[in-house]
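This is start-v7.pdb (PDB, C-alpha atoms).
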```pdb
ATOM      1  CA  MET A   1     210.307  23.005   5.762  1.00  0.00           C
ATOM      2  CA  LEU A   2     213.255  21.246   7.404  1.00  0.00           C
ATOM      3  CA  HIS A   3     216.514  20.957   5.500  1.00  0.00           C
ATOM      4  CA  GLY A   4     218.668  17.905   4.940  1.00  0.00           C
ATOM      5  CA  ARG A   5     221.981  16.805   6.367  1.00  0.00           C
ATOM      6  CA  SER A   6     225.178  18.787   5.733  1.00  0.00           C
ATOM      7  CA  VAL A   7     223.370  21.775   4.214  1.00  0.00           C
ATOM      8  CA  SER A   8     222.054  25.051   5.619  1.00  0.00           C
ATOM      9  CA  PRO A   9     218.489  26.403   5.704  1.00  0.00           C
ATOM     10  CA  ASP A  10     219.146  28.599   2.684  1.00  0.00           C
ATOM     11  CA  SER A  11     219.762  25.489   0.598  1.00  0.00           C
ATOM     12  CA  TRP A  12     216.003  25.668  -0.033  1.00  0.00           C
ATOM     13  CA  LEU A  13     216.334  29.060  -1.722  1.00  0.00           C
ATOM     14  CA  SER A  14     216.458  28.046  -5.362  1.00  0.00           C
ATOM     15  CA  ASP A  15     214.603  29.132  -8.492  1.00  0.00           C
ATOM     16  CA  PRO A  16     212.349  26.015  -8.334  1.00  0.00           C
ATOM     17  CA  PHE A  17     211.468  26.884  -4.713  1.00  0.00           C
ATOM     18  CA  PHE A  18     210.356  30.417  -5.553  1.00  0.00           C
ATOM     19  CA  GLU A  19     208.646  29.313  -8.762  1.00  0.00           C
ATOM     20  CA  ALA A  20     206.647  26.702  -6.842  1.00  0.00           C
ATOM     21  CA  LEU A  21     205.441  29.281  -4.329  1.00  0.00           C
ATOM     22  CA  HIS A  22     204.693  31.843  -7.039  1.00  0.00           C
ATOM     23  CA  ALA A  23     202.589  29.305  -8.928  1.00  0.00           C
ATOM     24  CA  LEU A  24     200.237  29.018  -5.943  1.00  0.00           C
ATOM     25  CA  GLY A  25     199.573  32.739  -5.884  1.00  0.00           C
ATOM     26  CA  SER A  26     197.562  33.923  -2.891  1.00  0.00           C
ATOM     27  CA  SER A  27     197.223  30.370  -1.578  1.00  0.00           C
ATOM     28  CA  ALA A  28     200.995  29.941  -1.216  1.00  0.00           C
ATOM     29  CA  PRO A  29     202.040  29.220   2.364  1.00  0.00           C
ATOM     30  CA  ASP A  30     204.449  31.224   4.464  1.00  0.00           C
ATOM     31  CA  VAL A  31     207.598  29.100   4.823  1.00  0.00           C
ATOM     32  CA  LEU A  32     209.812  28.841   7.893  1.00  0.00           C
ATOM     33  CA  LEU A  33     213.384  27.686   7.221  1.00  0.00           C
ATOM     34  CA  ALA A  34     214.840  26.751  10.606  1.00  0.00           C
ATOM     35  CA  ASN A  35     218.437  25.747  11.286  1.00  0.00           C
ATOM     36  CA  GLY A  36     218.974  22.072  12.124  1.00  0.00           C
ATOM     37  CA  GLY A  37     222.745  22.139  12.148  1.00  0.00           C
ATOM     38  CA  ASN A  38     224.830  19.624  10.237  1.00  0.00           C
ATOM     39  CA  HIS A  39     223.309  16.376  11.497  1.00  0.00           C
ATOM     40  CA  SER A  40     220.853  17.031  14.337  1.00  0.00           C
ATOM     41  CA  TYR A  41     218.108  14.990  12.681  1.00  0.00           C
ATOM     42  CA  TRP A  42     215.818  17.512  14.355  1.00  0.00           C
ATOM     43  CA  HIS A  43     215.335  15.678  17.664  1.00  0.00           C
ATOM     44  CA  ASP A  44     216.349  16.442  21.230  1.00  0.00           C
ATOM     45  CA  ARG A  45     219.687  14.820  21.939  1.00  0.00           C
ATOM     46  CA  THR A  46     222.937  15.209  23.835  1.00  0.00           C
ATOM     47  CA  ASP A  47     224.221  18.167  21.812  1.00  0.00           C
ATOM     48  CA  GLY A  48     220.997  20.165  22.031  1.00  0.00           C
ATOM     49  CA  PRO A  49     217.196  20.307  22.186  1.00  0.00           C
ATOM     50  CA  TRP A  50     216.769  20.503  18.415  1.00  0.00           C
ATOM     51  CA  GLY A  51     213.178  19.293  18.348  1.00  0.00           C
ATOM     52  CA  SER A  52     212.086  21.489  21.246  1.00  0.00           C
ATOM     53  CA  TYR A  53     213.709  24.459  19.527  1.00  0.00           C
ATOM     54  CA  VAL A  54     211.527  23.954  16.439  1.00  0.00           C
ATOM     55  CA  LEU A  55     208.313  23.439  18.390  1.00  0.00           C
ATOM     56  CA  HIS A  56     208.758  26.017  21.146  1.00  0.00           C
ATOM     57  CA  GLU A  57     211.004  28.701  19.658  1.00  0.00           C
ATOM     58  CA  ALA A  58     211.196  28.719  15.858  1.00  0.00           C
ATOM     59  CA  ILE A  59     207.519  28.131  15.036  1.00  0.00           C
ATOM     60  CA  PRO A  60     206.126  30.571  17.655  1.00  0.00           C
ATOM     61  CA  GLU A  61     208.577  33.257  16.499  1.00  0.00           C
ATOM     62  CA  ALA A  62     207.644  32.686  12.848  1.00  0.00           C
ATOM     63  CA  LEU A  63     203.952  32.937  13.690  1.00  0.00           C
ATOM     64  CA  ALA A  64     204.526  36.164  15.607  1.00  0.00           C
ATOM     65  CA  ARG A  65     206.464  37.700  12.715  1.00  0.00           C
ATOM     66  CA  SER A  66     204.162  36.547   9.919  1.00  0.00           C
ATOM     67  CA  GLY A  67     200.775  36.817  11.600  1.00  0.00           C
ATOM     68  CA  ALA A  68     199.919  33.378  10.209  1.00  0.00           C
ATOM     69  CA  ASP A  69     197.114  31.296  11.718  1.00  0.00           C
ATOM     70  CA  PRO A  70     198.620  29.091  14.483  1.00  0.00           C
ATOM     71  CA  ARG A  71     195.931  26.476  13.784  1.00  0.00           C
ATOM     72  CA  ARG A  72     197.179  26.044  10.227  1.00  0.00           C
ATOM     73  CA  VAL A  73     200.800  24.950  10.501  1.00  0.00           C
ATOM     74  CA  ALA A  74     202.173  22.049   8.469  1.00  0.00           C
ATOM     75  CA  ILE A  75     205.609  20.497   8.821  1.00  0.00           C
ATOM     76  CA  GLY A  76     207.688  18.799   6.168  1.00  0.00           C
ATOM     77  CA  GLY A  77     211.238  18.282   5.044  1.00  0.00           C
ATOM     78  CA  ILE A  78     213.670  16.475   2.796  1.00  0.00           C
ATOM     79  CA  SER A  79     215.995  13.639   3.800  1.00  0.00           C
ATOM     80  CA  MET A  80     217.124  14.430   7.374  1.00  0.00           C
ATOM     81  CA  GLY A  81     214.371  17.034   7.445  1.00  0.00           C
ATOM     82  CA  GLY A  82     211.810  14.498   6.287  1.00  0.00           C
ATOM     83  CA  PHE A  83     212.705  12.308   9.229  1.00  0.00           C
ATOM     84  CA  GLY A  84     212.552  15.322  11.515  1.00  0.00           C
ATOM     85  CA  ALA A  85     209.119  16.368  10.283  1.00  0.00           C
ATOM     86  CA  LEU A  86     207.695  12.882  10.790  1.00  0.00           C
ATOM     87  CA  ASP A  87     209.286  12.593  14.231  1.00  0.00           C
ATOM     88  CA  LEU A  88     208.136  16.020  15.433  1.00  0.00           C
ATOM     89  CA  ALA A  89     204.591  15.511  14.154  1.00  0.00           C
ATOM     90  CA  ARG A  90     204.547  12.200  16.031  1.00  0.00           C
ATOM     91  CA  SER A  91     205.723  13.805  19.258  1.00  0.00           C
ATOM     92  CA  ALA A  92     203.306  16.768  18.947  1.00  0.00           C
ATOM     93  CA  PRO A  93     200.245  15.122  17.355  1.00  0.00           C
ATOM     94  CA  HIS A  94     197.896  18.087  17.764  1.00  0.00           C
ATOM     95  CA  ARG A  95     200.324  20.777  16.621  1.00  0.00           C
ATOM     96  CA  PHE A  96     200.154  20.339  12.842  1.00  0.00           C
ATOM     97  CA  CYS A  97     197.505  20.181  10.137  1.00  0.00           C
ATOM     98  CA  ALA A  98     199.682  18.099   7.791  1.00  0.00           C
ATOM     99  CA  VAL A  99     203.064  16.368   7.714  1.00  0.00           C
ATOM    100  CA  GLY A 100     205.320  15.460   4.821  1.00  0.00           C
ATOM    101  CA  GLY A 101     208.460  13.391   4.398  1.00  0.00           C
ATOM    102  CA  HIS A 102     210.197  13.867   1.058  1.00  0.00           C
ATOM    103  CA  SER A 103     212.849  11.148   0.635  1.00  0.00           C
ATOM    104  CA  ALA A 104     212.739  10.894   4.409  1.00  0.00           C
ATOM    105  CA  ALA A 105     215.890   9.464   5.990  1.00  0.00           C
ATOM    106  CA  LEU A 106     214.481   6.385   7.726  1.00  0.00           C
ATOM    107  CA  TRP A 107     216.074   3.142   8.882  1.00  0.00           C
ATOM    108  CA  PHE A 108     214.811  -0.200  10.127  1.00  0.00           C
ATOM    109  CA  ARG A 109     217.576  -0.585  12.729  1.00  0.00           C
ATOM    110  CA  GLY A 110     219.775   1.740  14.709  1.00  0.00           C
ATOM    111  CA  ALA A 111     222.807  -0.210  13.506  1.00  0.00           C
ATOM    112  CA  ASP A 112     222.074   0.933   9.941  1.00  0.00           C
ATOM    113  CA  THR A 113     222.208   4.658  10.688  1.00  0.00           C
ATOM    114  CA  PRO A 114     225.191   6.845   9.706  1.00  0.00           C
ATOM    115  CA  GLU A 115     227.552   8.187  12.340  1.00  0.00           C
ATOM    116  CA  GLY A 116     226.117  11.229  14.080  1.00  0.00           C
ATOM    117  CA  ALA A 117     222.474  10.636  13.233  1.00  0.00           C
ATOM    118  CA  PHE A 118     221.639   9.431  16.765  1.00  0.00           C
ATOM    119  CA  ASP A 119     223.489   9.444  20.063  1.00  0.00           C
ATOM    120  CA  ASP A 120     223.168   5.697  20.521  1.00  0.00           C
ATOM    121  CA  GLY A 121     220.750   2.791  20.179  1.00  0.00           C
ATOM    122  CA  ALA A 122     218.486   4.128  22.901  1.00  0.00           C
ATOM    123  CA  ASP A 123     218.250   7.503  21.150  1.00  0.00           C
ATOM    124  CA  PHE A 124     217.297   5.761  17.905  1.00  0.00           C
ATOM    125  CA  ALA A 125     214.620   3.719  19.693  1.00  0.00           C
ATOM    126  CA  ARG A 126     213.090   6.885  21.188  1.00  0.00           C
ATOM    127  CA  ASN A 127     212.697   8.296  17.688  1.00  0.00           C
ATOM    128  CA  ASP A 128     211.985   5.216  15.551  1.00  0.00           C
ATOM    129  CA  VAL A 129     209.028   6.446  13.486  1.00  0.00           C
ATOM    130  CA  ILE A 130     208.537   3.114  11.724  1.00  0.00           C
ATOM    131  CA  GLU A 131     208.269   1.265  15.030  1.00  0.00           C
ATOM    132  CA  PHE A 132     205.875   3.880  16.412  1.00  0.00           C
ATOM    133  CA  ALA A 133     203.632   3.352  13.375  1.00  0.00           C
ATOM    134  CA  ARG A 134     203.289  -0.396  13.918  1.00  0.00           C
ATOM    135  CA  GLY A 135     199.742  -1.148  15.032  1.00  0.00           C
ATOM    136  CA  HIS A 136     198.734   2.459  15.636  1.00  0.00           C
ATOM    137  CA  SER A 137     199.236   5.571  13.524  1.00  0.00           C
ATOM    138  CA  PRO A 138     200.801   8.473  15.436  1.00  0.00           C
ATOM    139  CA  TYR A 139     199.311  10.907  12.898  1.00  0.00           C
ATOM    140  CA  HIS A 140     195.761  12.231  12.857  1.00  0.00           C
ATOM    141  CA  VAL A 141     196.326  14.577   9.915  1.00  0.00           C
ATOM    142  CA  PRO A 142     197.081  14.039   6.213  1.00  0.00           C
ATOM    143  CA  VAL A 143     200.525  12.551   5.576  1.00  0.00           C
ATOM    144  CA  TRP A 144     202.525  12.885   2.364  1.00  0.00           C
ATOM    145  CA  LEU A 145     205.439  10.538   1.654  1.00  0.00           C
ATOM    146  CA  ASP A 146     207.427  10.389  -1.556  1.00  0.00           C
ATOM    147  CA  VAL A 147     210.768   8.912  -2.562  1.00  0.00           C
ATOM    148  CA  GLY A 148     212.813   8.310  -5.685  1.00  0.00           C
ATOM    149  CA  ALA A 149     212.827   4.893  -7.304  1.00  0.00           C
ATOM    150  CA  GLU A 150     216.623   4.775  -6.928  1.00  0.00           C
ATOM    151  CA  ASP A 151     216.750   6.336  -3.457  1.00  0.00           C
ATOM    152  CA  PRO A 152     218.484   4.266  -0.738  1.00  0.00           C
ATOM    153  CA  PHE A 153     215.604   5.146   1.625  1.00  0.00           C
ATOM    154  CA  ARG A 154     212.944   3.739  -0.695  1.00  0.00           C
ATOM    155  CA  ALA A 155     212.450   0.480   1.233  1.00  0.00           C
ATOM    156  CA  ALA A 156     212.092   2.155   4.640  1.00  0.00           C
ATOM    157  CA  ASP A 157     209.833   4.922   3.326  1.00  0.00           C
ATOM    158  CA  THR A 158     207.659   2.346   1.605  1.00  0.00           C
ATOM    159  CA  ALA A 159     207.456   0.332   4.818  1.00  0.00           C
ATOM    160  CA  LEU A 160     206.331   3.397   6.772  1.00  0.00           C
ATOM    161  CA  ALA A 161     203.643   4.153   4.195  1.00  0.00           C
ATOM    162  CA  GLY A 162     202.406   0.576   4.457  1.00  0.00           C
ATOM    163  CA  GLU A 163     202.295   0.657   8.239  1.00  0.00           C
ATOM    164  CA  LEU A 164     200.363   3.916   8.255  1.00  0.00           C
ATOM    165  CA  ARG A 165     197.883   2.767   5.643  1.00  0.00           C
ATOM    166  CA  GLY A 166     197.334  -0.413   7.616  1.00  0.00           C
ATOM    167  CA  ASP A 167     196.519   1.756  10.625  1.00  0.00           C
ATOM    168  CA  GLY A 168     193.962   3.768   8.655  1.00  0.00           C
ATOM    169  CA  ALA A 169     196.021   6.953   8.369  1.00  0.00           C
ATOM    170  CA  ARG A 170     195.370   9.372   5.512  1.00  0.00           C
ATOM    171  CA  VAL A 171     198.517   8.794   3.474  1.00  0.00           C
ATOM    172  CA  ILE A 172     199.561   9.981   0.043  1.00  0.00           C
ATOM    173  CA  PHE A 173     202.567   7.962  -1.131  1.00  0.00           C
ATOM    174  CA  HIS A 174     204.518   8.315  -4.352  1.00  0.00           C
ATOM    175  CA  VAL A 175     207.557   6.570  -5.791  1.00  0.00           C
ATOM    176  CA  TRP A 176     208.763   8.657  -8.714  1.00  0.00           C
ATOM    177  CA  PRO A 177     211.826   8.180 -10.934  1.00  0.00           C
ATOM    178  CA  GLY A 178     214.943   9.671  -9.404  1.00  0.00           C
ATOM    179  CA  VAL A 179     217.723   9.567  -6.854  1.00  0.00           C
ATOM    180  CA  HIS A 180     218.349  11.199  -3.472  1.00  0.00           C
ATOM    181  CA  GLY A 181     219.073  14.785  -4.447  1.00  0.00           C
ATOM    182  CA  THR A 182     217.866  18.106  -5.799  1.00  0.00           C
ATOM    183  CA  SER A 183     217.374  16.662  -9.284  1.00  0.00           C
ATOM    184  CA  TYR A 184     214.537  14.662  -7.705  1.00  0.00           C
ATOM    185  CA  TRP A 185     213.136  17.197  -5.204  1.00  0.00           C
ATOM    186  CA  HIS A 186     213.068  20.350  -7.306  1.00  0.00           C
ATOM    187  CA  PRO A 187     210.589  19.110  -9.935  1.00  0.00           C
ATOM    188  CA  HIS A 188     208.139  18.156  -7.166  1.00  0.00           C
ATOM    189  CA  LEU A 189     208.252  21.289  -5.007  1.00  0.00           C
ATOM    190  CA  ARG A 190     205.044  22.626  -6.514  1.00  0.00           C
ATOM    191  CA  ARG A 191     203.254  19.385  -5.580  1.00  0.00           C
ATOM    192  CA  TYR A 192     204.633  19.589  -2.042  1.00  0.00           C
ATOM    193  CA  PHE A 193     203.442  23.138  -1.435  1.00  0.00           C
ATOM    194  CA  ARG A 194     200.084  22.433  -3.033  1.00  0.00           C
ATOM    195  CA  PHE A 195     199.591  19.548  -0.600  1.00  0.00           C
ATOM    196  CA  TYR A 196     200.438  21.630   2.467  1.00  0.00           C
ATOM    197  CA  SER A 197     198.319  24.545   1.315  1.00  0.00           C
ATOM    198  CA  ALA A 198     195.268  22.363   0.611  1.00  0.00           C
ATOM    199  CA  ALA A 199     195.597  20.302   3.797  1.00  0.00           C
ATOM    200  CA  CYS A 200     195.642  23.405   5.959  1.00  0.00           C
ATOM    201  CA  ALA A 201     193.087  25.443   4.008  1.00  0.00           C
TER
END
```

Could I get this file's structure written as structure tokens?
Amino acid sequence: MLHGRSVSPDSWLSDPFFEALHALGSSAPDVLLANGGNHSYWHDRTDGPWGSYVLHEAIPEALARSGADPRRVAIGGISMGGFGALDLARSAPHRFCAVGGHSAALWFRGADTPEGAFDDGADFARNDVIEFARGHSPYHVPVWLDVGAEDPFRAADTALAGELRGDGARVIFHVWPGVHGTSYWHPHLRRYFRFYSAACA
């Protein structure tokens, strides 16, 4: 589970997080909380190979420590992490059994992105998940997308869901009441983990 911008991996560690895992009992997944820095957006870029680090260092190390099945790894995240999960699952299409973007930080144009999200226009184009979904789904596994009704990313997330559905991808998409923040994400954590657990069962 990839964290959002301007927070640390332990921002996940809340009562709702642990309650959601506890509710699943023995079917609860092991959870890797990697470090994506302040605004890496989880892709390889000038200041570091953030995406490669997740795929080739963090996940293998987590599997070695946990003894989890390497064929049953899902990837998801919130906001910046939602973008990162969608982008990494696109770039490594056979690595994951499910992918989820929860209020994923997506944009239609590089000019709309906040400072620091991408190196430049070319970097945005190399990681434009909406553009990659046009005409052909980059995902061959179940995809979960959800976003708050008052979230600034609602339009872009909705567009991605539409593109993927048009391509025949297996997409679950929800627009629930809420904004871009923990008051929206926390009540849905149990649904998120249930999706990942079932998709990889």

Quick one: apply the PyMOL selection byres ((chain A and resi 181-188) around 8) to the file and drop the selected residues here as a list in words.
->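 Matching residues under the PyMOL selection byres ((chain A and resi 181-188) around 8) are Pro16, Phe17, His102, Gly148, Pro177, Gly178, Val179, His180, Leu189, Arg190, Arg191 and Tyr192 of chain A.
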
Any chance you could resolve the PyMOL selection byres ((chain A and resi 156) around 10) against this file and give the residues as a PyMOL selection string?
-> chain A and resi 103-108+130+147+152-155+157-162

Can you give me, as a PyMOL selection string, the residues this file yields under the PyMOL selection byres ((chain A and resi 83) around 12)?
-> chain A and resi 1-5+36+39-43+51+75-82+84-90+99-107+117+124+127-130+145+153+156-157+160

Next, dump the selected residues to file, keeping only C-alpha atoms, as an mmCIF file, in the coordinates of the input.
```cif
data_model
loop_
_atom_site.group_PDB
_atom_site.id
_atom_site.type_symbol
_atom_site.label_atom_id
_atom_site.label_comp_id
_atom_site.auth_asym_id
_atom_site.auth_seq_id
_atom_site.Cartn_x
_atom_site.Cartn_y
_atom_site.Cartn_z
ATOM 1 C CA MET A 1 210.307 23.005 5.762
ATOM 2 C CA LEU A 2 213.255 21.246 7.404
ATOM 3 C CA HIS A 3 216.514 20.957 5.500
ATOM 4 C CA GLY A 4 218.668 17.905 4.940
ATOM 5 C CA ARG A 5 221.981 16.805 6.367
ATOM 6 C CA GLY A 36 218.974 22.072 12.124
ATOM 7 C CA HIS A 39 223.309 16.376 11.497
ATOM 8 C CA SER A 40 220.853 17.031 14.337
ATOM 9 C CA TYR A 41 218.108 14.990 12.681
ATOM 10 C CA TRP A 42 215.818 17.512 14.355
ATOM 11 C CA HIS A 43 215.335 15.678 17.664
ATOM 12 C CA GLY A 51 213.178 19.293 18.348
ATOM 13 C CA ILE A 75 205.609 20.497 8.821
ATOM 14 C CA GLY A 76 207.688 18.799 6.168
ATOM 15 C CA GLY A 77 211.238 18.282 5.044
ATOM 16 C CA ILE A 78 213.670 16.475 2.796
ATOM 17 C CA SER A 79 215.995 13.639 3.800
ATOM 18 C CA MET A 80 217.124 14.430 7.374
ATOM 19 C CA GLY A 81 214.371 17.034 7.445
ATOM 20 C CA GLY A 82 211.810 14.498 6.287
ATOM 21 C CA GLY A 84 212.552 15.322 11.515
ATOM 22 C CA ALA A 85 209.119 16.368 10.283
ATOM 23 C CA LEU A 86 207.695 12.882 10.790
ATOM 24 C CA ASP A 87 209.286 12.593 14.231
ATOM 25 C CA LEU A 88 208.136 16.020 15.433
ATOM 26 C CA ALA A 89 204.591 15.511 14.154
ATOM 27 C CA ARG A 90 204.547 12.200 16.031
ATOM 28 C CA VAL A 99 203.064 16.368 7.714
ATOM 29 C CA GLY A 100 205.320 15.460 4.821
ATOM 30 C CA GLY A 101 208.460 13.391 4.398
ATOM 31 C CA HIS A 102 210.197 13.867 1.058
ATOM 32 C CA SER A 103 212.849 11.148 0.635
ATOM 33 C CA ALA A 104 212.739 10.894 4.409
ATOM 34 C CA ALA A 105 215.890 9.464 5.990
ATOM 35 C CA LEU A 106 214.481 6.385 7.726
ATOM 36 C CA TRP A 107 216.074 3.142 8.882
ATOM 37 C CA ALA A 117 222.474 10.636 13.233
ATOM 38 C CA PHE A 124 217.297 5.761 17.905
ATOM 39 C CA ASN A 127 212.697 8.296 17.688
ATOM 40 C CA ASP A 128 211.985 5.216 15.551
ATOM 41 C CA VAL A 129 209.028 6.446 13.486
ATOM 42 C CA ILE A 130 208.537 3.114 11.724
ATOM 43 C CA LEU A 145 205.439 10.538 1.654
ATOM 44 C CA PHE A 153 215.604 5.146 1.625
ATOM 45 C CA ALA A 156 212.092 2.155 4.640
ATOM 46 C CA ASP A 157 209.833 4.922 3.326
ATOM 47 C CA LEU A 160 206.331 3.397 6.772
#
```

Between CA of Ser197 in chain A and CA of Glu131 in chain A - distance in Å to one decimal |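 Between these atoms lies a distance of 28.8 Å.
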
Of A:Trp12, A:Ala68, A:Asp151, A:Tyr139, the one nearest to Ala98 in chain A when counting all atoms listed in the file is A:Tyr139

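Taking CA of Pro114 in chain A and CA of Trp176 in chain A as the two end points, the separation is 24.7 Å.
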
Pick the closest to Asn35 in chain A from A:Asp112, A:Asp119, A:Glu57, A:Glu163: which is it, counting all atoms listed in the file?
-> A:Glu57

Between A:Arg109, A:His94, A:Arg45, A:Arg72, which one has atoms that come closest to Ala199 in chain A, using all atoms listed in the file?
->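 The closest residue to Ala199 in chain A is A:Arg72.
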
Which one of A:Gly135, A:Pro70, A:Gly25, A:Pro60 sits closest to Phe96 in chain A if you count only C-alpha atoms?
->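 For Phe96 in chain A, the nearest of the given residues is A:Pro70.
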
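Reported to one decimal place, the separation of CA of Arg95 in chain A from CA of Asp69 in chain A is 12.0 Å.
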
Shell of 8 Å around Gly110 in chain A, all atoms listed in the file, local chain residues under 4 positions omitted, as a list in words =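 So, after excluding close chain neighbours, the residues are Asp120, Gly121, Phe124 and Ala125 of chain A.
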